[in-house]
>>> print(open('coords.cif').read())   # mmCIF, C-alpha atoms
data_target
loop_
_atom_site.label_atom_id
_atom_site.label_comp_id
_atom_site.auth_asym_id
_atom_site.auth_seq_id
_atom_site.Cartn_x
_atom_site.Cartn_y
_atom_site.Cartn_z
CA MET P 106 35.22 101.88 13.56
CA VAL P 107 33.43 103.29 10.49
CA ALA P 108 30.51 101.33 8.97
CA ILE P 109 29.74 103.81 6.18
CA GLU P 110 32.02 106.39 4.59
CA ILE P 111 30.66 108.92 2.09
CA ARG P 112 32.75 111.46 0.21
CA ASN P 113 31.35 114.06 -2.22
CA LEU P 114 28.55 111.73 -3.29
CA THR P 115 26.43 113.17 -6.09
CA LYS P 116 23.54 111.87 -8.21
CA LYS P 117 22.07 113.69 -11.20
CA PHE P 118 19.06 112.73 -13.33
CA ASN P 119 18.90 114.46 -16.72
CA GLY P 120 20.54 117.57 -15.35
CA PHE P 121 18.59 117.58 -12.06
CA THR P 122 20.81 117.16 -8.99
CA ALA P 123 18.99 114.86 -6.56
CA VAL P 124 21.97 114.41 -4.21
CA ASP P 125 24.49 117.23 -4.17
CA ASN P 126 28.07 116.55 -3.07
CA ILE P 127 27.31 115.08 0.38
CA SER P 128 29.93 113.75 2.81
CA PHE P 129 29.59 112.06 6.20
CA GLU P 130 30.50 108.92 8.14
CA VAL P 131 28.44 106.48 10.19
CA LYS P 132 30.07 104.56 13.02
CA LYS P 133 29.70 100.84 13.51
CA GLY P 134 26.64 100.16 15.67
CA GLU P 135 25.31 103.70 15.27
CA PHE P 136 21.65 104.50 14.63
CA PHE P 137 21.86 107.25 12.02
CA GLY P 138 18.96 109.22 10.56
CA LEU P 139 18.46 111.06 7.29
CA LEU P 140 15.71 113.58 7.99
CA GLY P 141 14.08 115.75 5.37
CA PRO P 142 10.93 116.48 3.37
CA ASN P 143 9.73 114.39 0.45
CA GLY P 144 12.03 114.88 -2.53
CA ALA P 145 14.98 115.99 -0.40
CA GLY P 146 17.27 113.20 -1.65
CA LYS P 147 16.93 110.69 1.20
CA THR P 148 15.81 107.68 -0.84
CA THR P 149 18.26 108.45 -3.65
CA THR P 150 21.09 108.43 -1.08
CA ILE P 151 19.93 105.08 0.33
CA ASN P 152 19.59 103.63 -3.17
CA MET P 153 23.17 104.56 -3.98
CA LEU P 154 24.51 103.13 -0.72
CA SER P 155 22.62 99.88 -1.33
CA THR P 156 23.93 99.70 -4.95
CA LEU P 157 20.48 100.12 -6.56
CA LEU P 158 21.73 103.33 -8.19
CA SER P 159 25.21 104.29 -9.36
CA PRO P 160 26.52 107.70 -8.26
CA THR P 161 27.25 110.37 -10.83
CA SER P 162 30.39 111.31 -8.91
CA GLY P 163 32.03 110.88 -5.53
CA TYR P 164 32.36 107.58 -3.71
CA ALA P 165 31.13 105.65 -0.71
CA LYS P 166 32.04 102.52 1.21
CA VAL P 167 29.57 100.35 3.12
CA ALA P 168 30.96 97.77 5.57
CA GLY P 169 34.37 98.47 4.03
CA TYR P 170 33.29 97.81 0.44
CA ASP P 171 33.15 100.29 -2.45
CA ILE P 172 29.54 100.71 -3.64
CA VAL P 173 30.61 100.75 -7.31
CA LYS P 174 33.61 98.41 -7.48
CA GLU P 175 32.46 95.83 -4.90
CA ARG P 176 28.67 95.72 -5.33
CA GLU P 177 28.21 92.04 -4.53
CA ASN P 178 30.14 92.35 -1.27
CA VAL P 179 28.05 95.39 -0.33
CA ARG P 180 24.81 93.50 -1.06
CA ARG P 181 25.87 90.56 1.08
CA SER P 182 26.63 92.96 3.94
CA ILE P 183 23.35 94.89 4.03
CA GLY P 184 19.67 94.42 4.74
CA MET P 185 16.98 96.63 3.22
CA VAL P 186 13.43 97.59 4.15
CA PHE P 187 11.98 99.54 1.24
CA GLN P 188 9.55 102.43 1.41
CA GLU P 189 7.04 100.49 -0.71
CA PRO P 190 5.91 97.03 0.51
CA ALA P 191 7.87 94.25 -1.21
CA LEU P 192 6.24 91.10 0.15
CA ASP P 193 4.38 88.39 -1.78
CA SER P 194 0.88 88.58 -0.32
CA LYS P 195 -0.05 85.13 -1.70
CA LEU P 196 2.66 83.45 0.39
CA THR P 197 2.75 82.95 4.14
CA GLY P 198 5.13 84.91 6.33
CA ARG P 199 7.38 81.89 6.64
CA GLU P 200 7.36 81.27 2.87
CA ASN P 201 8.38 84.89 2.21
CA LEU P 202 11.35 84.46 4.55
CA GLU P 203 12.20 81.04 3.09
CA PHE P 204 12.37 82.46 -0.44
CA HIS P 205 14.58 85.35 0.67
CA ALA P 206 16.92 83.07 2.63
CA MET P 207 17.30 80.78 -0.40
CA MET P 208 18.39 83.78 -2.48
CA TYR P 209 21.27 84.26 -0.02
CA GLY P 210 22.35 80.64 -0.49
CA MET P 211 21.50 79.39 2.99
CA ASN P 212 21.23 75.62 3.38
CA LYS P 213 18.02 74.02 4.66
CA GLU P 214 19.04 73.71 8.31
CA GLU P 215 20.47 77.23 8.44
CA ARG P 216 17.31 78.64 6.82
CA LYS P 217 15.04 76.90 9.31
CA ARG P 218 17.04 78.06 12.32
CA ARG P 219 17.42 81.64 11.14
CA ILE P 220 13.76 82.00 10.08
CA ASN P 221 12.64 80.87 13.52
CA GLU P 222 15.04 83.36 15.13
CA VAL P 223 13.84 86.39 13.18
CA LEU P 224 10.15 85.45 13.52
CA GLU P 225 10.62 85.32 17.28
CA LEU P 226 12.50 88.63 17.22
CA VAL P 227 9.58 90.46 15.59
CA GLU P 228 6.96 88.45 17.51
CA LEU P 229 5.39 86.80 14.46
CA SER P 230 6.07 83.14 15.30
CA ASP P 231 2.35 82.49 15.86
CA LYS P 232 1.46 84.18 12.54
CA ALA P 233 4.19 82.54 10.42
CA ASN P 234 1.82 80.22 8.52
CA ILE P 235 -0.83 82.83 7.73
CA LEU P 236 -0.99 84.35 4.25
CA VAL P 237 0.56 87.83 4.19
CA GLU P 238 -2.58 89.23 2.55
CA ASN P 239 -4.25 88.70 5.93
CA TYR P 240 -1.56 90.61 7.87
CA SER P 241 -2.14 94.09 9.28
CA GLY P 242 0.07 96.96 8.11
CA GLY P 243 2.18 96.73 11.25
CA MET P 244 2.63 92.96 10.87
CA LYS P 245 3.78 93.40 7.28
CA ARG P 246 6.35 95.97 8.35
CA ARG P 247 7.64 93.65 11.08
CA LEU P 248 7.90 90.81 8.55
CA GLU P 249 9.87 93.06 6.18
CA ILE P 250 12.26 93.91 9.01
CA ALA P 251 12.64 90.17 9.72
CA ARG P 252 13.38 89.57 6.05
CA GLY P 253 16.01 92.31 6.03
CA LEU P 254 17.75 90.57 8.95
CA ILE P 255 17.59 86.98 7.68
CA HIS P 256 21.23 86.88 6.51
CA LYS P 257 22.65 88.75 9.55
CA PRO P 258 23.63 91.97 7.74
CA LYS P 259 26.19 94.37 9.15
CA VAL P 260 24.14 97.39 8.04
CA LEU P 261 20.34 97.71 7.84
CA PHE P 262 18.72 100.39 5.68
CA LEU P 263 15.20 101.47 6.64
CA ASP P 264 13.57 103.74 4.05
CA GLU P 265 10.54 105.44 5.65
CA PRO P 266 9.69 102.19 7.51
CA THR P 267 6.59 103.53 9.28
CA LEU P 268 5.08 105.48 6.38
CA GLY P 269 1.28 105.14 6.35
CA LEU P 270 1.04 103.44 9.74
CA ASP P 271 -1.12 104.80 12.56
CA ALA P 272 0.60 106.45 15.53
CA GLN P 273 0.26 103.47 17.87
CA THR P 274 1.61 100.95 15.33
CA ARG P 275 4.40 103.35 14.39
CA ARG P 276 5.54 103.57 18.01
CA HIS P 277 5.41 99.75 18.23
CA ILE P 278 7.71 99.46 15.19
CA TRP P 279 10.06 102.05 16.71
CA ASN P 280 10.48 99.89 19.79
CA TYR P 281 11.39 96.84 17.69
CA ILE P 282 13.96 98.82 15.71
CA LYS P 283 15.45 100.40 18.84
CA LYS P 284 15.81 97.00 20.51
CA LEU P 285 17.42 95.59 17.37
CA ASN P 286 20.06 98.31 17.34
CA ARG P 287 20.70 98.19 21.08
CA GLU P 288 20.86 94.42 21.56
CA GLY P 289 22.06 93.30 18.15
CA GLY P 290 24.71 95.97 17.65
CA ILE P 291 23.66 96.39 14.02
CA THR P 292 24.31 99.69 12.23
CA ILE P 293 21.01 101.22 11.12
CA ILE P 294 20.41 103.98 8.59
CA LEU P 295 16.89 105.40 8.73
CA THR P 296 15.24 107.82 6.32
CA THR P 297 12.22 109.70 7.60
CA HIS P 298 10.33 112.96 7.36
CA TYR P 299 8.94 112.53 10.89
CA MET P 300 10.99 114.70 13.26
CA GLU P 301 9.57 112.81 16.24
CA GLU P 302 10.74 109.51 14.75
CA ALA P 303 14.30 110.71 14.15
CA ASP P 304 14.45 112.27 17.62
CA TYR P 305 13.27 109.09 19.36
CA LEU P 306 15.41 106.60 17.44
CA CYS P 307 18.64 108.15 16.23
CA ASP P 308 22.05 108.70 17.82
CA ARG P 309 22.79 111.32 15.17
CA ILE P 310 20.74 112.96 12.45
CA ALA P 311 21.67 114.51 9.12
CA ILE P 312 19.10 117.01 7.87
CA ILE P 313 18.94 116.90 4.08
CA ASP P 314 17.12 119.34 1.79
CA HIS P 315 17.36 119.86 -1.96
CA GLY P 316 20.05 117.17 -2.04
CA LYS P 317 22.37 118.92 0.42
CA ILE P 318 23.27 118.11 4.03
CA ILE P 319 22.38 121.30 5.89
CA ALA P 320 23.05 120.09 9.45
CA ILE P 321 24.37 116.99 11.17
CA ASP P 322 24.54 116.31 14.92
CA THR P 323 22.84 114.55 17.82
CA PRO P 324 19.09 115.19 18.22
CA ASN P 325 19.61 117.20 21.40
CA LYS P 326 22.28 119.47 19.89
CA LEU P 327 20.17 120.05 16.79
CA LYS P 328 17.19 121.01 18.95
CA ASP P 329 19.37 123.30 21.07
CA SER P 330 20.70 125.04 17.95
CA LEU P 331 17.12 125.77 16.87
CA GLY P 332 16.23 127.16 20.28
#
>>> encode(input="coords.cif", output="structure tokens")
Amino acid sequence: MVAIEIRNLTKKFNGFTAVDNISFEVKKGEFFGLLGPNGAGKTTTINMLSTLLSPTSGYAKVAGYDIVKERENVRRSIGMVFQEPALDSKLTGRENLEFHAMMYGMNKEERKRRINEVLELVELSDKANILVENYSGGMKRRLEIARGLIHKPKVLFLDEPTLGLDAQTRRHIWNYIKKLNREGGITIILTTHYMEEADYLCDRIAIIDHGKIIAIDTPNKLKDSLG
């Protein structure tokens, strides 16, 4: 079953082509990576799939919904961890999750249950009532992942989720994400410029450069093709 379908998707900004006629599919439950250098078009692709940007041409469906014609259904079906931190540092971890859950219309009992579940998942239950400004970088990332999962999305987008973290913390985050995909069955789309990260996490990888998909396959086959 297909979780994401992309056909001839293109995005131009004032004549500059950021994403150039790309096409691929992501299976339900797959861990799929978009690997490429900064400025390759990874974030622009994610922003279109998550309805933050409208495509110039082409189309895509996420969880069966058209990203232009059915935006609200797409947004209810996805979770998002942005490249830049998007937490309120003056709130506690629990308060950040509470606010996000309220935006999805969860009732009080549902919010309480689900917040406890995701805090336990990312091992932050004992830090839930601490202000986020006192969290480490790794803790903040784990809280953002928890927030992206609060409404049980079908697809989770991770845009450079370990950017700026030290190697040990990065590997710790990888293990959380891997477990989430394996045990939760959630479809995950990861953007990264770390080859090691894509190799460790992803079932398949699309290499993107100058807005074009230049290769797409499993990590092992891509490595074999490069010798």
>>> resolve_selection(input="coords.cif", expression="the PyMOL selection byres ((chain P and resi 184) around 7)", output="ChimeraX atom specification")
/P:183,185,253-254,258,260-262
>>> resolve_selection(input="coords.cif", expression="the PyMOL selection byres ((chain P and resi 147) around 12)", output="ChimeraX atom specification")
/P:116,123-125,127,138-146,148-154,188,262-265,294-298,311-318
>>> closest_residue(input="coords.cif", among="P:Val131, P:Ala320, P:Leu306, P:Val223", to="Arg252 (chain P)", atoms="only C-alpha atoms")
P:Val223
>>> atom_distance(input="coords.cif", atom1="CA of Ser162 (chain P)", atom2="CA of Glu177 (chain P)")
19.9 Å
>>> closest_residue(input="coords.cif", among="P:Val167, P:Glu135, P:Ser241, P:Pro266", to="Arg112 (chain P)", atoms="all atoms listed in the file")
P:Val167
>>> axis_aligned_box(input="coords.cif", around="region 204-214 of chain P", padding_each_side="6 Å", output="JSON")
{"center_x": 17.4, "center_y": 79.5, "center_z": 2.9, "size_x": 22.0, "size_y": 23.6, "size_z": 22.8}
>>> resolve_selection(input="coords.cif", expression="the PyMOL selection byres ((chain P and resi 304) around 10)", output="count of residues only")
18
>>> closest_residue(input="coords.cif", among="P:Lys326, P:Arg199, P:Arg275, P:Lys257", to="Ser230 (chain P)", atoms="all atoms listed in the file")
P:Arg199
>>> closest_residue(input="coords.cif", among="P:Asn286, P:Asn119, P:Asn113, P:Asn126", to="Tyr164 (chain P)", atoms="only C-alpha atoms")
P:Asn113
